[in-house]
Structure formats: structure tokens, C-alpha cells
$ cat run.tsv   # TSV, C-alpha atoms
chain	number	residue	atom	x	y	z
A	1	MET	CA	-30.77	133.17	102.85
A	2	ALA	CA	-27.17	132.65	101.77
A	3	ALA	CA	-25.44	135.07	99.44
A	4	VAL	CA	-24.52	133.27	96.21
A	5	ILE	CA	-21.71	134.58	94.02
A	6	GLY	CA	-20.16	132.81	91.06
A	7	PHE	CA	-16.66	133.19	89.71
A	8	ALA	CA	-16.36	132.56	85.98
A	9	GLY	CA	-13.26	132.48	83.82
A	10	PHE	CA	-11.32	130.27	81.50
A	11	SER	CA	-8.76	127.73	82.75
A	12	ASN	CA	-5.87	129.32	84.62
A	13	SER	CA	-7.70	132.62	85.14
A	14	GLY	CA	-7.22	132.46	88.92
A	15	LYS	CA	-10.67	131.25	90.05
A	16	THR	CA	-9.51	128.55	92.45
A	17	ARG	CA	-6.78	130.71	93.98
A	18	LEU	CA	-9.12	133.65	94.57
A	19	ILE	CA	-11.96	131.51	95.95
A	20	SER	CA	-9.54	129.71	98.30
A	21	ARG	CA	-8.26	133.03	99.59
A	22	LEU	CA	-11.81	134.35	100.04
A	23	VAL	CA	-12.85	131.20	101.92
A	24	SER	CA	-9.87	131.65	104.26
A	25	TYR	CA	-10.80	135.29	104.81
A	26	PHE	CA	-14.48	134.63	105.50
A	27	THR	CA	-13.75	131.61	107.68
A	28	SER	CA	-11.39	133.76	109.77
A	29	ILE	CA	-14.29	136.12	110.55
A	30	SER	CA	-16.69	133.24	111.29
A	31	ILE	CA	-18.75	133.39	108.10
A	32	ARG	CA	-19.77	129.85	107.14
A	33	CYS	CA	-18.89	129.30	103.46
A	34	ALA	CA	-19.61	126.60	100.95
A	35	VAL	CA	-18.00	126.22	97.53
A	36	VAL	CA	-19.58	124.54	94.53
A	37	LYS	CA	-17.15	123.66	91.72
A	38	HIS	CA	-18.18	122.83	88.19
A	39	ASP	CA	-16.36	119.78	86.85
A	40	ALA	CA	-17.42	120.41	83.26
A	41	HIS	CA	-15.32	117.59	81.84
A	42	GLY	CA	-16.06	114.97	84.50
A	43	HIS	CA	-12.40	114.67	85.52
A	44	TYR	CA	-12.93	114.29	89.26
A	45	THR	CA	-12.28	110.83	90.64
A	46	GLU	CA	-11.85	109.61	94.16
A	47	ALA	CA	-8.21	108.94	95.07
A	48	SER	CA	-7.14	105.76	93.34
A	49	GLY	CA	-6.82	102.70	95.53
A	50	THR	CA	-8.91	104.00	98.41
A	51	ASP	CA	-11.83	102.02	99.77
A	52	SER	CA	-14.25	104.73	98.63
A	53	ALA	CA	-12.82	104.63	95.09
A	54	GLN	CA	-13.39	100.88	95.03
A	55	PHE	CA	-17.03	101.36	96.05
A	56	VAL	CA	-17.55	103.99	93.33
A	57	GLU	CA	-15.83	101.79	90.73
A	58	ALA	CA	-17.99	98.84	91.80
A	59	GLY	CA	-21.04	100.90	90.89
A	60	ALA	CA	-22.42	102.10	94.23
A	61	ALA	CA	-25.19	104.62	93.59
A	62	ALA	CA	-23.87	106.64	96.54
A	63	THR	CA	-20.75	106.36	98.66
A	64	VAL	CA	-20.59	108.14	102.01
A	65	ILE	CA	-17.41	108.59	104.00
A	66	ILE	CA	-17.85	109.69	107.63
A	67	SER	CA	-14.88	110.67	109.74
A	68	PRO	CA	-14.66	112.46	113.10
A	69	ASN	CA	-14.34	115.91	111.49
A	70	SER	CA	-16.07	115.64	108.12
A	71	SER	CA	-18.17	113.64	105.73
A	72	VAL	CA	-18.15	113.22	101.97
A	73	ILE	CA	-21.08	112.07	99.86
A	74	MET	CA	-20.58	110.93	96.27
A	75	HIS	CA	-23.71	110.27	94.21
A	76	ARG	CA	-23.73	108.56	90.85
A	77	GLU	CA	-26.51	110.91	89.81
A	78	SER	CA	-26.02	114.49	88.79
A	79	PHE	CA	-27.57	117.38	90.67
A	80	SER	CA	-28.37	120.68	89.04
A	81	LEU	CA	-26.68	123.75	90.39
A	82	GLU	CA	-30.06	125.03	91.55
A	83	MET	CA	-30.75	121.82	93.49
A	84	MET	CA	-27.37	122.02	95.21
A	85	LEU	CA	-27.81	125.71	96.08
A	86	THR	CA	-31.19	124.94	97.64
A	87	ARG	CA	-29.63	122.15	99.69
A	88	LEU	CA	-26.72	124.28	100.88
A	89	GLN	CA	-29.00	127.18	101.78
A	90	ALA	CA	-31.17	124.81	103.82
A	91	GLU	CA	-28.02	123.73	105.68
A	92	GLY	CA	-27.49	127.29	106.88
A	93	PHE	CA	-24.48	128.44	104.92
A	94	GLU	CA	-24.11	132.22	104.90
A	95	LEU	CA	-22.09	132.44	101.70
A	96	ILE	CA	-21.93	130.11	98.72
A	97	LEU	CA	-19.16	130.66	96.19
A	98	ILE	CA	-19.47	128.97	92.82
A	99	GLU	CA	-16.49	128.17	90.60
A	100	GLY	CA	-17.32	127.82	86.94
A	101	PHE	CA	-20.84	127.36	85.56
A	102	LYS	CA	-20.20	130.10	82.98
A	103	LYS	CA	-23.67	129.66	81.52
A	104	GLY	CA	-25.43	129.82	84.89
A	105	ASN	CA	-28.02	132.45	85.70
A	106	HIS	CA	-26.56	133.30	89.12
A	107	GLU	CA	-24.61	136.50	89.73
A	108	GLN	CA	-21.03	136.14	88.54
A	109	VAL	CA	-17.66	137.78	88.89
A	110	ALA	CA	-15.60	137.53	85.70
A	111	LEU	CA	-11.89	136.72	86.03
A	112	PHE	CA	-9.17	137.00	83.43
A	113	ARG	CA	-5.37	137.27	83.38
A	114	ASN	CA	-4.78	138.32	79.76
A	115	LYS	CA	-6.67	139.97	76.89
A	116	GLU	CA	-7.56	136.58	75.34
A	117	GLN	CA	-9.20	135.46	78.57
A	118	ALA	CA	-11.19	138.72	78.62
A	119	ASP	CA	-13.46	136.98	76.11
A	120	ILE	CA	-15.16	135.47	79.18
A	121	LEU	CA	-17.23	138.66	79.25
A	122	SER	CA	-18.97	137.62	76.01
A	123	GLU	CA	-19.48	134.01	77.22
A	124	LEU	CA	-21.63	134.88	80.24
A	125	ASN	CA	-25.43	134.92	80.04
A	126	HIS	CA	-25.49	138.40	81.57
A	127	LEU	CA	-23.12	141.18	82.61
A	128	PRO	CA	-20.85	140.27	85.50
A	129	ILE	CA	-21.41	141.96	88.85
A	130	ALA	CA	-17.65	142.59	89.07
A	131	VAL	CA	-14.43	141.96	87.16
A	132	VAL	CA	-11.16	140.68	88.62
A	133	ALA	CA	-8.09	141.18	86.43
A	134	PRO	CA	-4.67	142.81	86.48
A	135	GLU	CA	-4.79	146.62	86.41
A	136	ASP	CA	-3.21	146.75	82.94
A	137	LEU	CA	-6.30	144.92	81.58
A	138	LYS	CA	-8.85	147.32	83.05
A	139	ALA	CA	-9.62	148.60	79.53
A	140	TYR	CA	-11.18	145.20	78.78
A	141	SER	CA	-13.54	145.53	81.75
A	142	VAL	CA	-17.19	146.64	81.70
A	143	ALA	CA	-18.07	150.28	82.31
A	144	GLY	CA	-19.88	150.79	85.60
A	145	VAL	CA	-18.98	147.33	86.93
A	146	PRO	CA	-16.64	147.16	89.96
A	147	PHE	CA	-13.08	146.23	89.02
A	148	PHE	CA	-10.62	144.53	91.38
A	149	GLU	CA	-7.06	143.35	91.07
A	150	PRO	CA	-6.59	139.62	91.79
A	151	ASP	CA	-4.45	140.09	94.90
A	152	ASP	CA	-6.76	142.67	96.49
A	153	VAL	CA	-8.60	140.03	98.48
A	154	ALA	CA	-9.53	142.45	101.29
A	155	SER	CA	-11.35	144.78	98.88
A	156	ILE	CA	-13.09	141.90	97.10
A	157	ALA	CA	-14.13	140.38	100.43
A	158	GLY	CA	-15.39	143.76	101.70
A	159	TRP	CA	-17.43	144.21	98.54
A	160	ILE	CA	-18.91	140.72	98.97
A	161	ARG	CA	-19.75	141.44	102.64
A	162	ARG	CA	-21.65	144.59	101.61
A	163	ARG	CA	-23.62	142.49	99.08
A	164	MET	CA	-24.49	139.96	101.80

$ encode --input "run.tsv" --output "C-alpha cells"
Amino acid sequence: MAAVIGFAGFSNSGKTRLISRLVSYFTSISIRCAVVKHDAHGHYTEASGTDSAQFVEAGAAATVIISPNSSVIMHRESFSLEMMLTRLQAEGFELILIEGFKKGNHEQVALFRNKEQADILSELNHLPIAVVAPEDLKAYSVAGVPFFEPDDVASIAGWIRRRM
């Protein structure tokens, strides 16, 4: 069963940067990772002018792009996070990292860059399993919960590996 860890924070808290760095780290040691990103505002669109964008705009219920090294599936229906996690686990991923889904019930790491963003701690459904923030904001962290600095990717990755 894949390890599932979410990363929750407000916009510009460093979620994408940290997850990208973790994916690079885990990929370099042959751990197969998947990332699920929450597009809460529905902003994602296929690149304008592409064939696939035209199919989506025309109303295709699903558009599949298959190339020699990858494939992309776009459905016009929404999947729950739980449904997607089940699917990814069935596909044999060892680690699934989730960006966003603040109100999810999965384990989450809270990220913040300033004291205002530390309010993420009160937005989560449960205590985070770790906090990632600059050292000078450690006072806003949660007692007894591991604390990491954003650029300490090796320590964060090591902690995740122990959880796996």
C-alpha cells in the first residue's frame, strides 16, 4: 500500500516547490511517486489551441493523449480524492503526495511562510503530522509535531521514508 501524505497551506506557502523537490529526491532513489493536486477554483485548462483542448472544448466526456513516453487522461467528471487514491494505489505507486485538499481527512503536513499563513493550522480537520516553515516561525508550530525548514528537503524526505 502506498504512503499518502498531504501538503496543505495557503497560496504561495511553498507547497508546489517542496513537493517538486521531494518528487525529484524520491525519483532519484527509485521510489515511484504520484502527485495529486487540488484545483479548488477550477483554473486548469489544457493548453489553448492544442488538439486536446479543442476536444475538451467540443464537449468530449474524456480526452486521452497517448505519446511514446506518457499518457494524459482528462475526464469531464469529477473524481473524489478517495477514488483517485484508490486508483493510484492499485497502479502500484509507492508514495502519493497530495497538494491542497485542506479539508481532507488524510495525513497532512502544514506549510507556511509568515505568521498570517500559520492560520492554516486552524483550517485543517486534524493536527498536522509535521510543520514546514522558516525557523523564525517555529513558535507558531504545534508542540510535539515535527518541524522542518522549507529548504531541508533531505530531512523531510528522510522523515517521509521512515513513515513509509

$ closest_residue --input "run.tsv" --among "A:Thr86, A:Thr63, A:Thr27, A:Asn12" --to "A:Glu116" --atoms "all atoms listed in the file"
A:Asn12

$ residues_around --input "run.tsv" --residues "A:Leu88" --least-positions-apart "6" --cutoff "12 Å" --atoms "all atoms listed in the file" --output "MDAnalysis selection string"
chainID A and resid 1:4 32:36 81:82 94:98

$ atom_distance --input "run.tsv" --atom1 "atom CA of A:Ser30" --atom2 "atom CA of A:Gln108"
23.3 Å

$ residues_around --input "run.tsv" --residues "stretch 127-139 of chain A" --least-positions-apart "5" --cutoff "10 Å" --atoms "all atoms listed in the file" --output "ChimeraX atom specification"
/A:5-9,13-15,18,106-115,117-118,120-122,144-152,156,159

$ atom_distance --input "run.tsv" --atom1 "atom CA of A:Lys37" --atom2 "atom CA of A:Glu99"
4.7 Å

$ atom_distance --input "run.tsv" --atom1 "atom CA of A:Arg161" --atom2 "atom CA of A:Ile29"
11.0 Å

$ residues_near_point --input "run.tsv" --point "(-25.8, 119.6, 89.4)" --cutoff "12 Å" --atoms "all atoms listed in the file" --output "list in words"
Val36, Lys37, His38, Asp39, Ala40, Gly42, His75, Arg76, Glu77, Ser78, Phe79, Ser80, Leu81, Glu82, Met83, Met84, Leu85, Thr86, Arg87, Ile98, Phe101 and Gly104 of chain A

$ closest_residue --input "run.tsv" --among "A:Ala62, A:Val72, A:Ala157, A:Ala143" --to "A:Arg21" --atoms "only C-alpha atoms"
A:Ala157

$ residues_around --input "run.tsv" --residues "A:Ile73" --least-positions-apart "3" --cutoff "12 Å" --atoms "only C-alpha atoms" --output "PyMOL selection string"
chain A and resi 46+52+56+60-67+70+76-77

$ decode --input "run.tsv" --residues "stretch 45-132 of chain A" --atoms "C-alpha atoms" --output "CSV table (one decimal), in the first residue's frame"
chain,number,residue,atom,x,y,z
A,45,THR,CA,-7.3,24.2,-18.8
A,46,GLU,CA,-5.5,22.3,-21.5
A,47,ALA,CA,-3.0,24.5,-23.4
A,48,SER,CA,-5.0,26.7,-25.7
A,49,GLY,CA,-5.1,25.8,-29.4
A,50,THR,CA,-3.9,22.2,-28.9
A,51,ASP,CA,-5.9,19.4,-30.4
A,52,SER,CA,-6.7,18.1,-27.0
A,53,ALA,CA,-8.0,21.5,-25.9
A,54,GLN,CA,-10.3,21.5,-28.9
A,55,PHE,CA,-11.7,18.1,-28.0
A,56,VAL,CA,-12.3,19.2,-24.4
A,57,GLU,CA,-14.0,22.5,-25.6
A,58,ALA,CA,-16.1,20.5,-28.0
A,59,GLY,CA,-17.5,18.6,-25.0
A,60,ALA,CA,-15.8,15.2,-25.1
A,61,ALA,CA,-16.6,13.3,-21.9
A,62,ALA,CA,-13.0,12.1,-21.8
A,63,THR,CA,-9.9,13.1,-23.8
A,64,VAL,CA,-6.9,10.8,-23.8
A,65,ILE,CA,-3.5,11.8,-25.2
A,66,ILE,CA,-1.0,8.9,-25.7
A,67,SER,CA,2.6,9.6,-26.6
A,68,PRO,CA,5.7,7.3,-26.6
A,69,ASN,CA,6.6,8.3,-23.0
A,70,SER,CA,3.4,9.2,-21.3
A,71,SER,CA,-0.4,9.5,-21.4
A,72,VAL,CA,-2.8,12.1,-20.1
A,73,ILE,CA,-6.5,11.4,-19.4
A,74,MET,CA,-8.9,14.3,-18.9
A,75,HIS,CA,-12.4,13.4,-17.7
A,76,ARG,CA,-15.3,15.8,-17.7
A,77,GLU,CA,-16.5,14.2,-14.5
A,78,SER,CA,-15.0,14.9,-11.1
A,79,PHE,CA,-13.4,12.2,-9.0
A,80,SER,CA,-13.2,12.3,-5.3
A,81,LEU,CA,-9.8,12.3,-3.7
A,82,GLU,CA,-10.5,8.9,-2.2
A,83,MET,CA,-11.4,7.4,-5.6
A,84,MET,CA,-8.2,8.8,-7.1
A,85,LEU,CA,-6.0,7.5,-4.2
A,86,THR,CA,-7.6,4.0,-4.6
A,87,ARG,CA,-6.8,4.1,-8.4
A,88,LEU,CA,-3.2,5.3,-7.8
A,89,GLN,CA,-2.6,2.7,-5.1
A,90,ALA,CA,-3.9,0.0,-7.5
A,91,GLU,CA,-1.4,1.2,-10.1
A,92,GLY,CA,1.5,0.4,-7.7
A,93,PHE,CA,2.7,3.8,-6.7
A,94,GLU,CA,4.9,3.7,-3.5
A,95,LEU,CA,4.3,7.3,-2.5
A,96,ILE,CA,1.4,9.6,-3.2
A,97,LEU,CA,1.9,13.3,-2.4
A,98,ILE,CA,-1.2,15.5,-2.2
A,99,GLU,CA,-1.1,19.2,-2.8
A,100,GLY,CA,-4.0,21.1,-1.2
A,101,PHE,CA,-7.3,19.5,-0.1
A,102,LYS,CA,-7.0,21.3,3.3
A,103,LYS,CA,-10.3,19.8,4.5
A,104,GLY,CA,-9.2,16.2,3.6
A,105,ASN,CA,-9.0,13.5,6.2
A,106,HIS,CA,-5.6,12.2,5.0
A,107,GLU,CA,-2.4,12.9,7.0
A,108,GLN,CA,-1.1,16.4,6.2
A,109,VAL,CA,2.0,18.5,6.5
A,110,ALA,CA,1.2,22.1,7.2
A,111,LEU,CA,3.3,24.8,5.3
A,112,PHE,CA,3.5,28.5,6.0
A,113,ARG,CA,6.0,31.3,5.2
A,114,ASN,CA,4.7,34.0,7.5
A,115,LYS,CA,2.6,34.3,10.7
A,116,GLU,CA,-0.6,35.1,8.7
A,117,GLN,CA,-0.2,31.8,6.8
A,118,ALA,CA,0.2,30.0,10.1
A,119,ASP,CA,-3.6,30.2,10.3
A,120,ILE,CA,-3.5,27.0,8.2
A,121,LEU,CA,-3.1,25.1,11.4
A,122,SER,CA,-6.7,26.1,12.4
A,123,GLU,CA,-8.1,25.3,8.9
A,124,LEU,CA,-7.2,21.6,8.9
A,125,ASN,CA,-9.6,18.9,10.1
A,126,HIS,CA,-7.0,17.5,12.4
A,127,LEU,CA,-3.5,18.2,13.7
A,128,PRO,CA,-0.8,18.1,11.0
A,129,ILE,CA,1.8,15.3,11.1
A,130,ALA,CA,4.5,17.8,10.6
A,131,VAL,CA,5.0,21.6,10.0
A,132,VAL,CA,7.3,23.1,7.4
